[in-house]
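Let me begin by presenting the structure, written as structure tokens, before commenting on it.
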Amino acid sequence: MHQGRRIEVVGTVQGVGFRPWVYRVAKELGIGGQVRNDAGGVTVEAFGEPSALDGLVHALRSRHPVAAEIRSLQWEEIPAREVDDFVIAPSVPGTGRRVSIPADLATCPACVAEILDPGDRRYRYAFTNCTDCGPRFTIARDAPYDRPVTSMAGFAMCEACQREYDDPDDRRFHAQPNACPRCGPRLRLLDSAGKDLTSPDPLREVASALRAGNIVAVKGLGGYHLACDATSSEAVQLLRDRMRRDAKPFAVMVRDTREARKLASLSDAEATLLESLERPIVLTQKRRLGLPVAPEVAPDNPLIGLMLPYTPLHHLLLAEVDRPLVMTSGNYSDEPIVFEEPEALGKLRDIADLFLTHDRPIVTRCDDSVARVVAGAPVLLRRSRGFVPRPIQLARPVARPVLACGAQLKNTFCLAAGDVAVLGPHVGDLDQLEVHRSYEESIDRMQRFLGCRPEVVAYDLHPDYASTRYALDRPETVKVAVQHHHAHVASALADHGLDGPVIGVAFDGTGYGTDGSAWGGEFLVASATAFQRVATLHPIALAGGERAIREPWRIGLALLLDAYDGDPPGLWNFPAIPEDAAVLVRQALTLGINAPKAHGMGRLFDGVGALVLGLGKARYEGEVALAWNLAASPESHGRYPFGIDTRGSLLELDLRPMVRALIEEHLVGVPAARLAAKFHETVAHASAALVGLIRERVGHLPVMLTGGCFQNARLAEGLKAALEPECEVYLHRQVPPGDGGIALGQMLVADATTRG
Ligand code: ZN
Ligand code: ZN
Ligand code: FE
């Protein structure tokens, strides 16, 4: 007895070899009918014996291609038809439903084997891919995801490629970017003036140029990297000089995990993260002895960012060069990664000696993602290439589509429709015009991909953020300003599919408070709809306002004056504090002139780090705070005293006793590594004690740790350990704890507060 069923599958099912896979399963089961992409996912019409149809549904539910993610699967009976053949039908473009363009997928082992096999027709071909791997998001112009709407549209497949594409038993069956050396994109080698060197073998030439100490701009998946020999101090220093980047660490690409282990002592979790399909840059513990890369790669830093090759071009290049390469985003300072050829030639010509480029356009720029292992599990520090636009499943569908505009630094936006939220790629710090343009383009494109128009717009409470101005300029009428730390906590809620209430510990550098002051050491009792600020860090005066962030000695001085009631130990003990400027700044602090009070936990790290490490200036925001974090010896333990001020309705975490005790130890010569370790344990322990007090008042709620400070593994692990097992503790998992993940929380709050 024949039956008919229509099966609708929603999720990341396009561009991941899903239709060919359904085809093969249907054939095996003797089912007739068709499978097609539509704007919502994949639809299967199947005709056959009921047991075979059950088998198909079961297969769809239980096993499917690695990169596919099924969010829902529903079927209904349809009139039976006598069809023997099973076909892959052309896509039906549609509107108004959810689309899933997959994220870019790292080259699969089968493709890697081919490009390294001299007998294969794709030997050394840099654009090899299949249904399991290759570019997706970065080449897609529109949905549904099919070759004509990707940047592969301009390449006509040769006969051999077309055969693979049409053959259901081939692993390139319907691989949209399928290509080979005869018909696909080609590498080109340009000199720094942009002249085509018409090289017969660009890969080999680039490899020898790199070995000779040159800097090469390499066009990748989501933009240009600047590459140089990571083992050469001269090459790395040259790159630093040309980029005018004196301290920020560079990421290093190595051939495989075995090579990675020569550079870093990898835990199992770190190795897994490094090899994951998303291929993020993983921050790992640098080996202390016999490090085979130049110290200039990550100066004065116990960590090193490593990544594995994720495109065929990377695999070939690494094999050819046979040494670790610095692979850093091609840009100036915090601008977004350069991704178009004219732009690259213009902006990178003074940095790169050569350009290794190609003729497959990048549609959407997408920086590398960055992750690290915290408390045994991965935490994203930057969520971009490999993750975007993978949707985040919401516990409850949004009432109306929402656009959340993010914050200012490390901006990403979030677009939510139905029961999913999609975060855009990392676009950098929004204060630059360049960034702003890319931000707007990125939002427009994601709206097209999702086939939705937002009706609610969420933004940060800060009136001067570029994202706030952008939000207010948008045509939608429903706009919701969300307090920065409420958004952080809500982001953690959405990350875990929770609604609250919870106790949120939100520690970061700064965020605009409801009273107009700078918050950042906050304890909130919060749900998606509302929050109450129940405790905060005792504030620190920022002499000179924003200037104090670049000159953390000012914060150090303020900490001393505050901790010692205006009578600190001799300032000559602290070389970070410049003698000439100290008098004026001290006066300003004493009189409270141009010295706004700030609650940011990050500022405490800045200030203490400046005093103890003698680092008066930060070359990039948060440099000194990071140095203070990294200074902490993993072997040292101990705590300083602290106080909790319970007099007001707003509890206050008072770390002045810690500052005094720490400074006294510093003055008698206790090493910074010990002080920093004790500092971290004190902050963790004091925060846990404060959470304990809050729980006595509001009940035993779960605790969310959120905000940029929780990228700090020592702090996150210390506080988590201090709270457990009494509390249920959540760290971020799908989005960064810092401002790169904040749009998700803005979205959640905006939806919760505007649904009637
Ligand atoms: Zn492949
Ligand atoms: Zn071909
Ligand atoms: Fe923040």
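Convention: chains lettered A, B, ... in structure tokens order; per-chain residue numbering from 1; ligands numbered from 1 as shown.
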| request: Excluding Glu551 of chain A and any residue of its chain fewer than 5 positions from it, enumerate the residues within 8 Å of it, using only C-alpha atoms, and give them as an MDAnalysis selection string. | output: chainID A and resid 616:618
Give me a file of those residues, with C-alpha atoms, as a short mmCIF file (atom, residue, chain, number, x, y, z; two decimals), in the first residue's frame.
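Saved result, part37.cif, follows:
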```cif
data_model
loop_
_atom_site.label_atom_id
_atom_site.label_comp_id
_atom_site.auth_asym_id
_atom_site.auth_seq_id
_atom_site.Cartn_x
_atom_site.Cartn_y
_atom_site.Cartn_z
CA GLY A 616 51.36 53.95 33.10
CA LYS A 617 49.96 53.85 29.60
CA ALA A 618 47.81 51.41 27.67
#
```
Would you list the residues that come within 12 Å of ligand 1? Count only C-alpha atoms and all ligand atoms and give the answer as a PDB file with N, CA and C atoms, in the first residue's frame.
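Everything below was put into result14.pdb:
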```
ATOM      1  N   VAL A  16      24.750  22.278   3.093  1.00  0.00           N
ATOM      2  CA  VAL A  16      25.511  21.354   3.932  1.00  0.00           C
ATOM      3  C   VAL A  16      25.347  19.923   3.446  1.00  0.00           C
ATOM      4  N   GLY A  17      24.959  19.777   2.162  1.00  0.00           N
ATOM      5  CA  GLY A  17      24.824  18.443   1.600  1.00  0.00           C
ATOM      6  C   GLY A  17      23.586  17.718   2.079  1.00  0.00           C
ATOM      7  N   VAL A  66      27.082  16.126   8.927  1.00  0.00           N
ATOM      8  CA  VAL A  66      27.716  16.748  10.104  1.00  0.00           C
ATOM      9  C   VAL A  66      27.379  18.218  10.300  1.00  0.00           C
ATOM     10  N   ALA A  67      27.377  18.978   9.198  1.00  0.00           N
ATOM     11  CA  ALA A  67      27.220  20.420   9.363  1.00  0.00           C
ATOM     12  C   ALA A  67      25.758  20.844   9.439  1.00  0.00           C
ATOM     13  N   ASP A 104      30.459  29.302   7.028  1.00  0.00           N
ATOM     14  CA  ASP A 104      31.550  28.735   6.238  1.00  0.00           C
ATOM     15  C   ASP A 104      32.104  27.496   6.948  1.00  0.00           C
ATOM     16  N   LEU A 105      32.432  26.485   6.155  1.00  0.00           N
ATOM     17  CA  LEU A 105      32.862  25.210   6.738  1.00  0.00           C
ATOM     18  C   LEU A 105      34.320  24.923   6.405  1.00  0.00           C
ATOM     19  N   ALA A 106      35.088  24.534   7.408  1.00  0.00           N
ATOM     20  CA  ALA A 106      36.505  24.219   7.209  1.00  0.00           C
ATOM     21  C   ALA A 106      36.649  23.041   6.241  1.00  0.00           C
ATOM     22  N   THR A 107      37.701  23.085   5.432  1.00  0.00           N
ATOM     23  CA  THR A 107      37.973  22.027   4.454  1.00  0.00           C
ATOM     24  C   THR A 107      37.952  20.644   5.122  1.00  0.00           C
ATOM     25  N   CYS A 108      37.237  19.711   4.500  1.00  0.00           N
ATOM     26  CA  CYS A 108      37.093  18.385   5.100  1.00  0.00           C
ATOM     27  C   CYS A 108      38.318  17.513   4.777  1.00  0.00           C
ATOM     28  N   PRO A 109      38.523  16.453   5.533  1.00  0.00           N
ATOM     29  CA  PRO A 109      39.709  15.597   5.319  1.00  0.00           C
ATOM     30  C   PRO A 109      39.777  15.017   3.897  1.00  0.00           C
ATOM     31  N   ALA A 110      38.615  14.681   3.310  1.00  0.00           N
ATOM     32  CA  ALA A 110      38.634  14.105   1.961  1.00  0.00           C
ATOM     33  C   ALA A 110      39.178  15.118   0.952  1.00  0.00           C
ATOM     34  N   CYS A 111      38.771  16.375   1.090  1.00  0.00           N
ATOM     35  CA  CYS A 111      39.260  17.404   0.168  1.00  0.00           C
ATOM     36  C   CYS A 111      40.736  17.701   0.413  1.00  0.00           C
ATOM     37  N   VAL A 112      41.162  17.698   1.683  1.00  0.00           N
ATOM     38  CA  VAL A 112      42.575  17.930   1.986  1.00  0.00           C
ATOM     39  C   VAL A 112      43.419  16.831   1.330  1.00  0.00           C
ATOM     40  N   ALA A 113      42.928  15.588   1.429  1.00  0.00           N
ATOM     41  CA  ALA A 113      43.675  14.477   0.835  1.00  0.00           C
ATOM     42  C   ALA A 113      43.831  14.680  -0.670  1.00  0.00           C
ATOM     43  N   GLU A 114      42.762  15.158  -1.320  1.00  0.00           N
ATOM     44  CA  GLU A 114      42.840  15.371  -2.772  1.00  0.00           C
ATOM     45  C   GLU A 114      43.873  16.419  -3.172  1.00  0.00           C
ATOM     46  N   ILE A 115      43.873  17.544  -2.454  1.00  0.00           N
ATOM     47  CA  ILE A 115      44.774  18.615  -2.897  1.00  0.00           C
ATOM     48  C   ILE A 115      46.241  18.282  -2.624  1.00  0.00           C
ATOM     49  N   ARG A 122      42.539  17.648  -8.675  1.00  0.00           N
ATOM     50  CA  ARG A 122      42.525  18.870  -7.871  1.00  0.00           C
ATOM     51  C   ARG A 122      43.810  19.040  -7.064  1.00  0.00           C
ATOM     52  N   PHE A 127      40.860  26.009  -4.363  1.00  0.00           N
ATOM     53  CA  PHE A 127      39.423  26.300  -4.181  1.00  0.00           C
ATOM     54  C   PHE A 127      38.591  25.028  -4.144  1.00  0.00           C
ATOM     55  N   THR A 128      39.249  23.944  -3.782  1.00  0.00           N
ATOM     56  CA  THR A 128      38.585  22.651  -3.674  1.00  0.00           C
ATOM     57  C   THR A 128      37.567  22.662  -2.534  1.00  0.00           C
ATOM     58  N   ASN A 129      36.399  22.083  -2.786  1.00  0.00           N
ATOM     59  CA  ASN A 129      35.381  21.985  -1.735  1.00  0.00           C
ATOM     60  C   ASN A 129      34.411  20.879  -2.098  1.00  0.00           C
ATOM     61  N   CYS A 130      33.495  20.559  -1.207  1.00  0.00           N
ATOM     62  CA  CYS A 130      32.488  19.542  -1.488  1.00  0.00           C
ATOM     63  C   CYS A 130      31.235  19.849  -0.666  1.00  0.00           C
ATOM     64  N   THR A 131      30.276  18.941  -0.651  1.00  0.00           N
ATOM     65  CA  THR A 131      29.054  19.257   0.104  1.00  0.00           C
ATOM     66  C   THR A 131      29.304  19.339   1.603  1.00  0.00           C
ATOM     67  N   ASP A 132      30.417  18.775   2.065  1.00  0.00           N
ATOM     68  CA  ASP A 132      30.719  18.820   3.493  1.00  0.00           C
ATOM     69  C   ASP A 132      31.548  20.029   3.902  1.00  0.00           C
ATOM     70  N   CYS A 133      32.080  20.749   2.925  1.00  0.00           N
ATOM     71  CA  CYS A 133      33.015  21.806   3.304  1.00  0.00           C
ATOM     72  C   CYS A 133      33.053  22.913   2.270  1.00  0.00           C
ATOM     73  N   GLY A 134      33.661  24.021   2.673  1.00  0.00           N
ATOM     74  CA  GLY A 134      33.864  25.123   1.745  1.00  0.00           C
ATOM     75  C   GLY A 134      33.168  26.397   2.170  1.00  0.00           C
ATOM     76  N   PRO A 135      33.300  27.439   1.327  1.00  0.00           N
ATOM     77  CA  PRO A 135      32.712  28.727   1.674  1.00  0.00           C
ATOM     78  C   PRO A 135      31.195  28.667   1.599  1.00  0.00           C
ATOM     79  N   ASP A 170      28.032  11.132  -5.950  1.00  0.00           N
ATOM     80  CA  ASP A 170      29.310  11.825  -5.803  1.00  0.00           C
ATOM     81  C   ASP A 170      29.241  12.746  -4.581  1.00  0.00           C
ATOM     82  N   ARG A 171      30.381  12.908  -3.890  1.00  0.00           N
ATOM     83  CA  ARG A 171      30.305  13.782  -2.715  1.00  0.00           C
ATOM     84  C   ARG A 171      30.279  15.272  -3.085  1.00  0.00           C
ATOM     85  N   ARG A 172      30.306  15.568  -4.377  1.00  0.00           N
ATOM     86  CA  ARG A 172      30.132  16.963  -4.808  1.00  0.00           C
ATOM     87  C   ARG A 172      28.768  17.197  -5.447  1.00  0.00           C
ATOM     88  N   PHE A 173      27.887  16.224  -5.249  1.00  0.00           N
ATOM     89  CA  PHE A 173      26.524  16.344  -5.760  1.00  0.00           C
ATOM     90  C   PHE A 173      25.884  17.597  -5.158  1.00  0.00           C
ATOM     91  N   ALA A 175      27.126  20.445  -4.690  1.00  0.00           N
ATOM     92  CA  ALA A 175      28.025  21.318  -3.923  1.00  0.00           C
ATOM     93  C   ALA A 175      28.080  22.639  -4.680  1.00  0.00           C
ATOM     94  N   GLN A 176      27.437  23.651  -4.150  1.00  0.00           N
ATOM     95  CA  GLN A 176      27.268  24.898  -4.920  1.00  0.00           C
ATOM     96  C   GLN A 176      28.589  25.544  -5.351  1.00  0.00           C
ATOM     97  N   PRO A 177      29.604  25.596  -4.511  1.00  0.00           N
ATOM     98  CA  PRO A 177      30.849  26.244  -4.982  1.00  0.00           C
ATOM     99  C   PRO A 177      31.796  25.286  -5.706  1.00  0.00           C
ATOM    100  N   ASN A 178      31.309  24.138  -6.147  1.00  0.00           N
ATOM    101  CA  ASN A 178      32.180  23.155  -6.794  1.00  0.00           C
ATOM    102  C   ASN A 178      33.015  23.792  -7.908  1.00  0.00           C
ATOM    103  N   ALA A 179      34.276  23.412  -7.958  1.00  0.00           N
ATOM    104  CA  ALA A 179      35.195  24.011  -8.929  1.00  0.00           C
ATOM    105  C   ALA A 179      36.428  23.139  -9.064  1.00  0.00           C
ATOM    106  N   LEU A 277      34.911  22.317  13.591  1.00  0.00           N
ATOM    107  CA  LEU A 277      34.488  22.719  12.258  1.00  0.00           C
ATOM    108  C   LEU A 277      34.584  24.235  12.061  1.00  0.00           C
ATOM    109  N   TYR A 310      41.915  26.434   7.467  1.00  0.00           N
ATOM    110  CA  TYR A 310      40.503  26.128   7.261  1.00  0.00           C
ATOM    111  C   TYR A 310      40.066  26.275   5.811  1.00  0.00           C
ATOM    112  N   THR A 311      41.001  26.667   4.936  1.00  0.00           N
ATOM    113  CA  THR A 311      40.699  26.647   3.502  1.00  0.00           C
ATOM    114  C   THR A 311      41.795  25.826   2.814  1.00  0.00           C
ATOM    115  N   PRO A 312      41.509  25.342   1.601  1.00  0.00           N
ATOM    116  CA  PRO A 312      42.553  24.604   0.869  1.00  0.00           C
ATOM    117  C   PRO A 312      43.802  25.469   0.672  1.00  0.00           C
TER     118      PRO A 312
END
```
| said: Please identify all protein, DNA and RNA residues within 9 Å of ligand 2, counting only C-alpha atoms and all ligand atoms, and report them as a VMD selection string. | reply: chain A and resid 156 to 162 178 to 184
| message | Residues contacting ligand 3 - anything with an atom at most 6 Å away, using only C-alpha atoms and all ligand atoms - can you give me those as an MDAnalysis selection string? | response | chainID A and resid 508 511 707:708 738:739
| Contact residues around segment 240-250 of chain A with only C-alpha atoms at 8 Å, ignoring same-chain residues under 5 positions, as JSON, numbers by chain | {"A": [297, 298, 299, 301, 304, 305, 326, 327, 328, 332, 333, 350, 351, 619, 620]}
Write a file of the selected residues as a PDB file, in the first residue's frame, keeping C-alpha atoms.
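Below you can see again-v7.pdb, which holds the result:
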```
ATOM      1  CA  VAL A 297      54.451  37.341  18.040  1.00  0.00           C
ATOM      2  CA  ALA A 298      52.913  37.843  21.482  1.00  0.00           C
ATOM      3  CA  PRO A 299      55.306  39.954  23.546  1.00  0.00           C
ATOM      4  CA  ASN A 301      52.112  37.412  27.027  1.00  0.00           C
ATOM      5  CA  ILE A 304      49.309  32.537  22.227  1.00  0.00           C
ATOM      6  CA  GLY A 305      46.426  32.490  19.738  1.00  0.00           C
ATOM      7  CA  VAL A 326      51.531  34.807  11.610  1.00  0.00           C
ATOM      8  CA  MET A 327      48.053  35.258  10.142  1.00  0.00           C
ATOM      9  CA  THR A 328      46.555  38.480  11.353  1.00  0.00           C
ATOM     10  CA  TYR A 332      44.727  49.191  10.543  1.00  0.00           C
ATOM     11  CA  SER A 333      44.135  49.195  14.297  1.00  0.00           C
ATOM     12  CA  ASP A 350      52.498  49.899   2.571  1.00  0.00           C
ATOM     13  CA  ILE A 351      52.394  46.778   4.706  1.00  0.00           C
ATOM     14  CA  ARG A 619      48.631  51.021  23.998  1.00  0.00           C
ATOM     15  CA  TYR A 620      45.144  49.649  23.418  1.00  0.00           C
TER      16      TYR A 620
END
```
| query | For Ala752 of chain A, which of A:Ser527, A:Asn712, A:Thr536, A:Thr272 is the closest residue, counting only C-alpha atoms? | reply |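 Counting only C-alpha atoms, the residue closest to Ala752 of chain A is A:Ser527.
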